[in-house]
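**Q** The structure that follows is given in the form of C-alpha cells.
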Amino acid sequence: MAEPPVEAQSDPLATPAARRDALRSRLESAEATAMLITGFPNIRYLSGFSGSSGALIVTAQGPDSLVTDFRYAGQVREEVDPSIESEIHNENAMSAARKWLTRENHAKVVFESRYMSVAEWMDWKSSDGPQLEAVTGWVVALRMRKSEPELIALRRAAAVADGALAEVMGMIRPGVTELELAARLDMAVIEQGGEGSAFETIVQFGEHSARPHARPTHRKLARGEVVLFDFGAIVDGYASDMSRTVACGRPDPEIESVYRIVLEAQRTALDGLCAGMSGRDADALGRDVIEAAGYGPQFGHSLGHGIGLEVHEPPGMSRLSEWRLEADTVVTVEPGIYIEGLGGVRIEDVVRVGCSAIEILTSAPKDEFIVL
Ligand code: ZN
Ligand code: ZN
C-alpha cells in the first residue's frame, strides 16, 4: 500500500506558466479579459512569489503582471516567473492592481471573493476601475491535483515531521510539560531541514487530549497518561500534518481499546481510499468503523482534508463533502475518538490518492500502541 501509484502521468501543471495558461482558458467563458489574484497561496502557485503583500493579474492575452512593494523587490527578482511583468509600487497592492488594469484597458475583471475584504470591494466599486465579477475555486481546482515538484516538497515535509517526532519521543517522561515538548518539536522540525512548523504545534496530555485542538499548556505529564501530538513541517512552502498518540506508562484500558478502534478506522479508510471517490464516501470509510464500535458521537470532526500550500485546502472529506478525490490529490486521513475527562486518540497520516493504490507520505510508527 505504500508503493507510489503506477498511473502517475505527465505533469501539465508543473510550472507557474502552465498553471496560468490553464486559468487563462477559463477567462473567455466568463467574458472577462483578466483575473485578479489576491490569495497568497494562489499567487505563489501561479507565479512563484512567496511574499505576503501583492496582487497578481492573469490576462486573457498576456502579459501577466505582479504588483508589490519595495520590501519584496529582491524576492521578486529571485522567485517570480520571468514571463510575468513585475511592478514595484509604494501604494497598497489592491489600488496598484486597479490602476494597472485601468491603464491596460480591462473593462471586466474576475476576482477571488474569498480573498477580498468588504472594505476593498467597496473602495473598488467607488473608483473608476474595471467592473468586478466574483468567482470562487478557480485556482484551488488546479491546486488539488499535485504535480511532481509539489509531491517532492510534500514528501520532504512529511519526512521532516517524521524525523522531528522521532527526536522528541525520547523526551517523553513524567514531569515534562506540553509546552516543553511542543517547543522541542518546533526546533526539531527546523533541525530536520523544515522552514518551520506548518501550524501551531499541538501537544496534549491526559484529559487535555480529549479536546482536539486545545493549545499546549504548562501542564506536567504524569504516569499513565496519553500524549497526543499533532503538528507538521513546511518545506518549499508545502505543509505536512500528522498526529500520533502514545502513553507514558499504561493508561486506562479504555484508551488502549479506543486506540485499536481508531487504528482500524484509519486502516480501513486507507485501504478503501481511491481516485474518483467523493469526500463523503471517503469519510464514511473511517466513520463506519468508529460508529460500529459505539463511539460515533466521540468522533466529531471530519476524516481528513486536502493539504499543500495550505494546511487545510480542498478536497475535504466529511459527512457533507461534495468534493471528488482525483488522482494525485494529497489528503490527510485522521480519525479520532475523544472521551471527555479521560483522553483522546487521533492517528493522522498524509497520503497521495491514486487510481489503484495510495502512497502514504508519513511513516512514523503507529501499528502498536506505544507505551513508554
Ligand atoms: Zn493534524
Ligand atoms: Zn489535519
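Every chain in the C-alpha cells has a letter given in the order shown (A, B, ...), and although residue numbers restart at 1 in each chain, ligands are simply numbered from 1 in the order shown.
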Show which residues sit within 8 Å of region 114-126 of chain A, as a ChimeraX atom specification. Count only C-alpha atoms, and ignore same-chain residues fewer than 6 positions away.
**A** /A:38-39,94-95,98,136
**Q** Write the selection just made, keeping all heavy atoms, as a PDB file, in the first residue's frame?
**A**
ATOM      1  N   THR A  38      -5.549  37.560  -5.407  1.00  0.00           N
ATOM      2  CA  THR A  38      -5.073  38.211  -4.179  1.00  0.00           C
ATOM      3  C   THR A  38      -4.875  37.226  -3.020  1.00  0.00           C
ATOM      4  O   THR A  38      -4.470  37.635  -1.939  1.00  0.00           O
ATOM      5  CB  THR A  38      -6.036  39.341  -3.755  1.00  0.00           C
ATOM      6  OG1 THR A  38      -7.377  38.835  -3.793  1.00  0.00           O
ATOM      7  CG2 THR A  38      -5.925  40.524  -4.687  1.00  0.00           C
ATOM      8  N   GLY A  39      -5.165  35.959  -3.228  1.00  0.00           N
ATOM      9  CA  GLY A  39      -4.898  34.953  -2.189  1.00  0.00           C
ATOM     10  C   GLY A  39      -3.427  34.552  -2.265  1.00  0.00           C
ATOM     11  O   GLY A  39      -2.961  34.140  -3.322  1.00  0.00           O
ATOM     12  N   MET A  94      -3.848  46.456  -3.834  1.00  0.00           N
ATOM     13  CA  MET A  94      -5.156  46.462  -4.488  1.00  0.00           C
ATOM     14  C   MET A  94      -5.317  47.693  -5.374  1.00  0.00           C
ATOM     15  O   MET A  94      -5.767  47.593  -6.524  1.00  0.00           O
ATOM     16  CB  MET A  94      -6.244  46.414  -3.413  1.00  0.00           C
ATOM     17  CG  MET A  94      -7.579  45.949  -3.901  1.00  0.00           C
ATOM     18  SD  MET A  94      -7.557  44.240  -4.493  1.00  0.00           S
ATOM     19  CE  MET A  94      -7.763  43.329  -2.960  1.00  0.00           C
ATOM     20  N   SER A  95      -4.923  48.876  -4.865  1.00  0.00           N
ATOM     21  CA  SER A  95      -5.098  50.044  -5.728  1.00  0.00           C
ATOM     22  C   SER A  95      -4.059  50.059  -6.838  1.00  0.00           C
ATOM     23  O   SER A  95      -4.351  50.525  -7.949  1.00  0.00           O
ATOM     24  CB  SER A  95      -5.133  51.356  -4.928  1.00  0.00           C
ATOM     25  OG  SER A  95      -4.022  51.443  -4.110  1.00  0.00           O
ATOM     26  N   ARG A  98      -5.533  47.889  -9.453  1.00  0.00           N
ATOM     27  CA  ARG A  98      -6.668  48.550 -10.114  1.00  0.00           C
ATOM     28  C   ARG A  98      -6.163  49.541 -11.163  1.00  0.00           C
ATOM     29  O   ARG A  98      -6.663  49.590 -12.288  1.00  0.00           O
ATOM     30  CB  ARG A  98      -7.523  49.263  -9.061  1.00  0.00           C
ATOM     31  CG  ARG A  98      -8.836  49.772  -9.606  1.00  0.00           C
ATOM     32  CD  ARG A  98      -9.699  50.324  -8.503  1.00  0.00           C
ATOM     33  NE  ARG A  98      -9.122  51.512  -7.904  1.00  0.00           N
ATOM     34  CZ  ARG A  98      -9.003  51.728  -6.594  1.00  0.00           C
ATOM     35  NH1 ARG A  98      -9.422  50.823  -5.732  1.00  0.00           N
ATOM     36  NH2 ARG A  98      -8.472  52.831  -6.144  1.00  0.00           N
ATOM     37  N   THR A 136     -15.183  31.840  -7.425  1.00  0.00           N
ATOM     38  CA  THR A 136     -14.542  31.086  -6.339  1.00  0.00           C
ATOM     39  C   THR A 136     -14.024  29.763  -6.880  1.00  0.00           C
ATOM     40  O   THR A 136     -14.605  29.179  -7.792  1.00  0.00           O
ATOM     41  CB  THR A 136     -15.519  30.760  -5.183  1.00  0.00           C
ATOM     42  OG1 THR A 136     -16.651  30.099  -5.742  1.00  0.00           O
ATOM     43  CG2 THR A 136     -15.966  31.988  -4.429  1.00  0.00           C
TER      44      THR A 136
END
**Q** Quick one: pick out all helix (DSSP H, G or I) residues within region 178-242 of chain A from a backbone DSSP run and write them as a ChimeraX atom specification.
**A** /A:178-191,206-210
**Q** Create the file for the chosen residues now, containing N, CA and C atoms and written as a PDB file, in the first residue's frame.
**A**
ATOM      1  N   GLU A 178       3.582  20.092  28.381  1.00  0.00           N
ATOM      2  CA  GLU A 178       3.108  20.116  26.985  1.00  0.00           C
ATOM      3  C   GLU A 178       3.882  21.163  26.189  1.00  0.00           C
ATOM      4  N   LEU A 179       4.074  22.339  26.793  1.00  0.00           N
ATOM      5  CA  LEU A 179       4.775  23.418  26.087  1.00  0.00           C
ATOM      6  C   LEU A 179       6.229  23.074  25.818  1.00  0.00           C
ATOM      7  N   GLU A 180       6.875  22.368  26.750  1.00  0.00           N
ATOM      8  CA  GLU A 180       8.276  21.977  26.509  1.00  0.00           C
ATOM      9  C   GLU A 180       8.370  21.030  25.319  1.00  0.00           C
ATOM     10  N   LEU A 181       7.493  20.050  25.272  1.00  0.00           N
ATOM     11  CA  LEU A 181       7.548  19.108  24.142  1.00  0.00           C
ATOM     12  C   LEU A 181       7.191  19.811  22.830  1.00  0.00           C
ATOM     13  N   ALA A 182       6.225  20.748  22.882  1.00  0.00           N
ATOM     14  CA  ALA A 182       5.838  21.473  21.662  1.00  0.00           C
ATOM     15  C   ALA A 182       7.023  22.306  21.154  1.00  0.00           C
ATOM     16  N   ALA A 183       7.726  22.981  22.088  1.00  0.00           N
ATOM     17  CA  ALA A 183       8.873  23.807  21.677  1.00  0.00           C
ATOM     18  C   ALA A 183       9.997  22.933  21.111  1.00  0.00           C
ATOM     19  N   ARG A 184      10.214  21.767  21.724  1.00  0.00           N
ATOM     20  CA  ARG A 184      11.251  20.860  21.222  1.00  0.00           C
ATOM     21  C   ARG A 184      10.899  20.351  19.815  1.00  0.00           C
ATOM     22  N   LEU A 185       9.612  20.080  19.642  1.00  0.00           N
ATOM     23  CA  LEU A 185       9.160  19.597  18.339  1.00  0.00           C
ATOM     24  C   LEU A 185       9.362  20.681  17.265  1.00  0.00           C
ATOM     25  N   ASP A 186       9.029  21.918  17.608  1.00  0.00           N
ATOM     26  CA  ASP A 186       9.216  23.024  16.657  1.00  0.00           C
ATOM     27  C   ASP A 186      10.691  23.154  16.270  1.00  0.00           C
ATOM     28  N   MET A 187      11.573  23.036  17.268  1.00  0.00           N
ATOM     29  CA  MET A 187      13.013  23.138  16.989  1.00  0.00           C
ATOM     30  C   MET A 187      13.484  21.942  16.154  1.00  0.00           C
ATOM     31  N   ALA A 188      12.967  20.755  16.478  1.00  0.00           N
ATOM     32  CA  ALA A 188      13.372  19.552  15.741  1.00  0.00           C
ATOM     33  C   ALA A 188      12.952  19.643  14.273  1.00  0.00           C
ATOM     34  N   VAL A 189      11.808  20.270  14.006  1.00  0.00           N
ATOM     35  CA  VAL A 189      11.357  20.449  12.619  1.00  0.00           C
ATOM     36  C   VAL A 189      12.405  21.254  11.837  1.00  0.00           C
ATOM     37  N   ILE A 190      12.950  22.286  12.475  1.00  0.00           N
ATOM     38  CA  ILE A 190      13.964  23.118  11.810  1.00  0.00           C
ATOM     39  C   ILE A 190      15.276  22.335  11.676  1.00  0.00           C
ATOM     40  N   GLU A 191      15.660  21.619  12.730  1.00  0.00           N
ATOM     41  CA  GLU A 191      16.898  20.821  12.673  1.00  0.00           C
ATOM     42  C   GLU A 191      16.838  19.753  11.583  1.00  0.00           C
ATOM     43  N   GLY A 206      -3.078  13.529  28.874  1.00  0.00           N
ATOM     44  CA  GLY A 206      -4.234  13.093  29.671  1.00  0.00           C
ATOM     45  C   GLY A 206      -5.548  13.612  29.133  1.00  0.00           C
ATOM     46  N   GLU A 207      -6.363  14.165  30.039  1.00  0.00           N
ATOM     47  CA  GLU A 207      -7.721  14.589  29.647  1.00  0.00           C
ATOM     48  C   GLU A 207      -7.691  15.739  28.636  1.00  0.00           C
ATOM     49  N   HIS A 208      -6.577  16.493  28.550  1.00  0.00           N
ATOM     50  CA  HIS A 208      -6.463  17.551  27.527  1.00  0.00           C
ATOM     51  C   HIS A 208      -6.620  16.981  26.116  1.00  0.00           C
ATOM     52  N   SER A 209      -6.169  15.738  25.942  1.00  0.00           N
ATOM     53  CA  SER A 209      -6.172  15.162  24.590  1.00  0.00           C
ATOM     54  C   SER A 209      -7.595  14.907  24.082  1.00  0.00           C
ATOM     55  N   ALA A 210      -8.592  15.034  24.966  1.00  0.00           N
ATOM     56  CA  ALA A 210      -9.981  14.862  24.527  1.00  0.00           C
ATOM     57  C   ALA A 210     -10.510  16.115  23.828  1.00  0.00           C
TER      58      ALA A 210
END
**Q** Nearest to Glu254 (chain A) among A:Val289, A:Ala214, A:Ile172, A:Val345, with distances taken over only C-alpha atoms: which residue is it?
**A**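 Among the listed residues, the smallest separation from Glu254 (chain A) belongs to A:Val345.
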**Q** Quick one: of A:Asp252, A:Asp328, A:Asp349, A:Glu340, who's nearest to Ala269 (chain A), counting only C-alpha atoms?
**A**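 Among the listed residues, the smallest separation from Ala269 (chain A) belongs to A:Asp349.
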**Q** So which residues are near ligand 1, meaning at most 10 Å away with only C-alpha atoms and all ligand atoms counted, given back as a list of chain:residue names?
**A**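 For ligand 1, the residues inside 10 Å are A:Ala198, A:Phe199, A:Thr201, A:Ile202, A:Pro212, A:His213, A:Phe229, A:Asp230, A:Phe231, A:Gly232, A:Ser240, A:Asp241, A:Met242, A:Ser243, A:Arg244, A:Gly304, A:His305, A:Val311, A:His312, A:Thr332, A:Val333, A:Glu334, A:Arg346, A:Ile347, A:Glu348, A:Asp349, A:Val350.
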**Q** May I have the selected residues written with N, CA and C atoms, as a JSON list (two decimals), in the first residue's frame?
**A**
[["chain", "number", "residue", "atom", "x", "y", "z"],
["A", 198, "ALA", "N", 4.15, 23.88, 10.41],
["A", 198, "ALA", "CA", 3.08, 24.22, 9.46],
["A", 198, "ALA", "C", 1.92, 24.94, 10.14],
["A", 199, "PHE", "N", 1.78, 24.78, 11.45],
["A", 199, "PHE", "CA", 0.72, 25.43, 12.24],
["A", 199, "PHE", "C", 1.14, 25.32, 13.69],
["A", 201, "THR", "N", 1.88, 23.95, 16.91],
["A", 201, "THR", "CA", 2.05, 22.55, 17.29],
["A", 201, "THR", "C", 1.15, 22.19, 18.47],
["A", 202, "ILE", "N", 0.48, 21.05, 18.35],
["A", 202, "ILE", "CA", -0.42, 20.57, 19.41],
["A", 202, "ILE", "C", 0.27, 19.44, 20.16],
["A", 212, "PRO", "N", -9.82, 18.22, 20.73],
["A", 212, "PRO", "CA", -8.99, 18.02, 19.54],
["A", 212, "PRO", "C", -7.99, 19.14, 19.20],
["A", 213, "HIS", "N", -8.32, 20.41, 19.43],
["A", 213, "HIS", "CA", -7.38, 21.44, 19.01],
["A", 213, "HIS", "C", -6.96, 22.38, 20.14],
["A", 229, "PHE", "N", 0.23, 14.12, 19.87],
["A", 229, "PHE", "CA", 0.96, 15.11, 19.05],
["A", 229, "PHE", "C", 0.18, 15.34, 17.76],
["A", 230, "ASP", "N", 0.06, 16.59, 17.37],
["A", 230, "ASP", "CA", -0.49, 16.92, 16.04],
["A", 230, "ASP", "C", 0.30, 18.13, 15.55],
["A", 231, "PHE", "N", 1.05, 17.95, 14.50],
["A", 231, "PHE", "CA", 1.95, 19.01, 14.06],
["A", 231, "PHE", "C", 2.35, 18.75, 12.61],
["A", 232, "GLY", "N", 3.12, 19.68, 12.04],
["A", 232, "GLY", "CA", 3.58, 19.48, 10.67],
["A", 232, "GLY", "C", 4.76, 20.38, 10.38],
["A", 240, "SER", "N", 3.11, 19.61, 5.87],
["A", 240, "SER", "CA", 2.68, 18.27, 6.28],
["A", 240, "SER", "C", 1.85, 18.42, 7.54],
["A", 241, "ASP", "N", 1.20, 17.35, 7.94],
["A", 241, "ASP", "CA", 0.26, 17.39, 9.07],
["A", 241, "ASP", "C", 0.11, 15.96, 9.56],
["A", 242, "MET", "N", 0.57, 15.67, 10.77],
["A", 242, "MET", "CA", 0.46, 14.29, 11.26],
["A", 242, "MET", "C", 0.10, 14.27, 12.74],
["A", 243, "SER", "N", -0.60, 13.22, 13.15],
["A", 243, "SER", "CA", -0.91, 13.02, 14.57],
["A", 243, "SER", "C", -0.48, 11.62, 14.99],
["A", 244, "ARG", "N", 0.07, 11.55, 16.19],
["A", 244, "ARG", "CA", 0.36, 10.27, 16.82],
["A", 244, "ARG", "C", -0.05, 10.36, 18.28],
["A", 304, "GLY", "N", -10.67, 13.91, 7.14],
["A", 304, "GLY", "CA", -9.41, 14.49, 6.67],
["A", 304, "GLY", "C", -9.65, 15.65, 5.73],
["A", 305, "HIS", "N", -8.55, 16.18, 5.21],
["A", 305, "HIS", "CA", -8.61, 17.38, 4.38],
["A", 305, "HIS", "C", -7.46, 17.37, 3.39],
["A", 311, "VAL", "N", -2.44, 24.24, 4.94],
["A", 311, "VAL", "CA", -2.62, 23.03, 5.75],
["A", 311, "VAL", "C", -4.00, 22.43, 5.50],
["A", 312, "HIS", "N", -5.00, 23.30, 5.40],
["A", 312, "HIS", "CA", -6.34, 22.83, 5.08],
["A", 312, "HIS", "C", -6.75, 23.42, 3.75],
["A", 332, "THR", "N", -5.10, 14.32, 4.21],
["A", 332, "THR", "CA", -4.81, 13.66, 5.48],
["A", 332, "THR", "C", -5.93, 12.66, 5.75],
["A", 333, "VAL", "N", -5.59, 11.62, 6.51],
["A", 333, "VAL", "CA", -6.60, 10.66, 7.00],
["A", 333, "VAL", "C", -6.41, 10.60, 8.50],
["A", 334, "GLU", "N", -7.38, 11.15, 9.26],
["A", 334, "GLU", "CA", -7.16, 11.39, 10.68],
["A", 334, "GLU", "C", -8.38, 11.12, 11.57],
["A", 346, "ARG", "N", -5.92, 10.19, 18.35],
["A", 346, "ARG", "CA", -6.03, 10.54, 16.93],
["A", 346, "ARG", "C", -4.79, 10.00, 16.23],
["A", 347, "ILE", "N", -4.99, 9.44, 15.06],
["A", 347, "ILE", "CA", -3.87, 8.96, 14.24],
["A", 347, "ILE", "C", -4.06, 9.60, 12.87],
["A", 348, "GLU", "N", -3.02, 10.33, 12.41],
["A", 348, "GLU", "CA", -3.16, 11.10, 11.17],
["A", 348, "GLU", "C", -1.94, 10.92, 10.28],
["A", 349, "ASP", "N", -2.20, 10.59, 9.04],
["A", 349, "ASP", "CA", -1.13, 10.49, 8.04],
["A", 349, "ASP", "C", -1.50, 11.33, 6.83],
["A", 350, "VAL", "N", -0.47, 11.67, 6.05],
["A", 350, "VAL", "CA", -0.68, 12.37, 4.78],
["A", 350, "VAL", "C", -0.55, 11.33, 3.67]]
**Q** Using only C-alpha atoms, which of the listed residues (A:Ile339, A:Val353, A:Ile84, A:Ala158) sits closest to Gly300 (chain A)?
**A**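 Going through A:Ile339, A:Val353, A:Ile84, A:Ala158 one by one, the smallest distance to Gly300 (chain A) is for A:Ile339.
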**Q** Measuring atom to atom with only C-alpha atoms, identify which of A:Ser53, A:Leu46, A:Leu36, A:Thr59 is nearest to Ala134 (chain A).
**A**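 Among A:Ser53, A:Leu46, A:Leu36, A:Thr59, it is A:Leu36 that comes nearest to Ala134 (chain A).
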**Q** With only C-alpha atoms as the counted atoms, please give the residues lying no more than 8 Å from Leu23 (chain A), apart from itself and same-chain residues fewer than 3 positions off, as a VMD selection string.
**A** chain A and resid 19 to 20 26 to 27 58 138 to 139
**Q** Counting only C-alpha atoms and all ligand atoms, figure out which residue out of A:Gly354, A:Gly341, A:Gly306, A:Pro216 gets nearest to ligand 2.
**A**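 Result for the nearest residue to ligand 2: A:Gly306.
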**Q** Using only C-alpha atoms and all ligand atoms, can you tell me which of A:Val76, A:Ala60, A:Val330, A:Ala282 comes closest to ligand 2?
**A**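 Answer, going by the shortest atom-to-atom distance: A:Val330.
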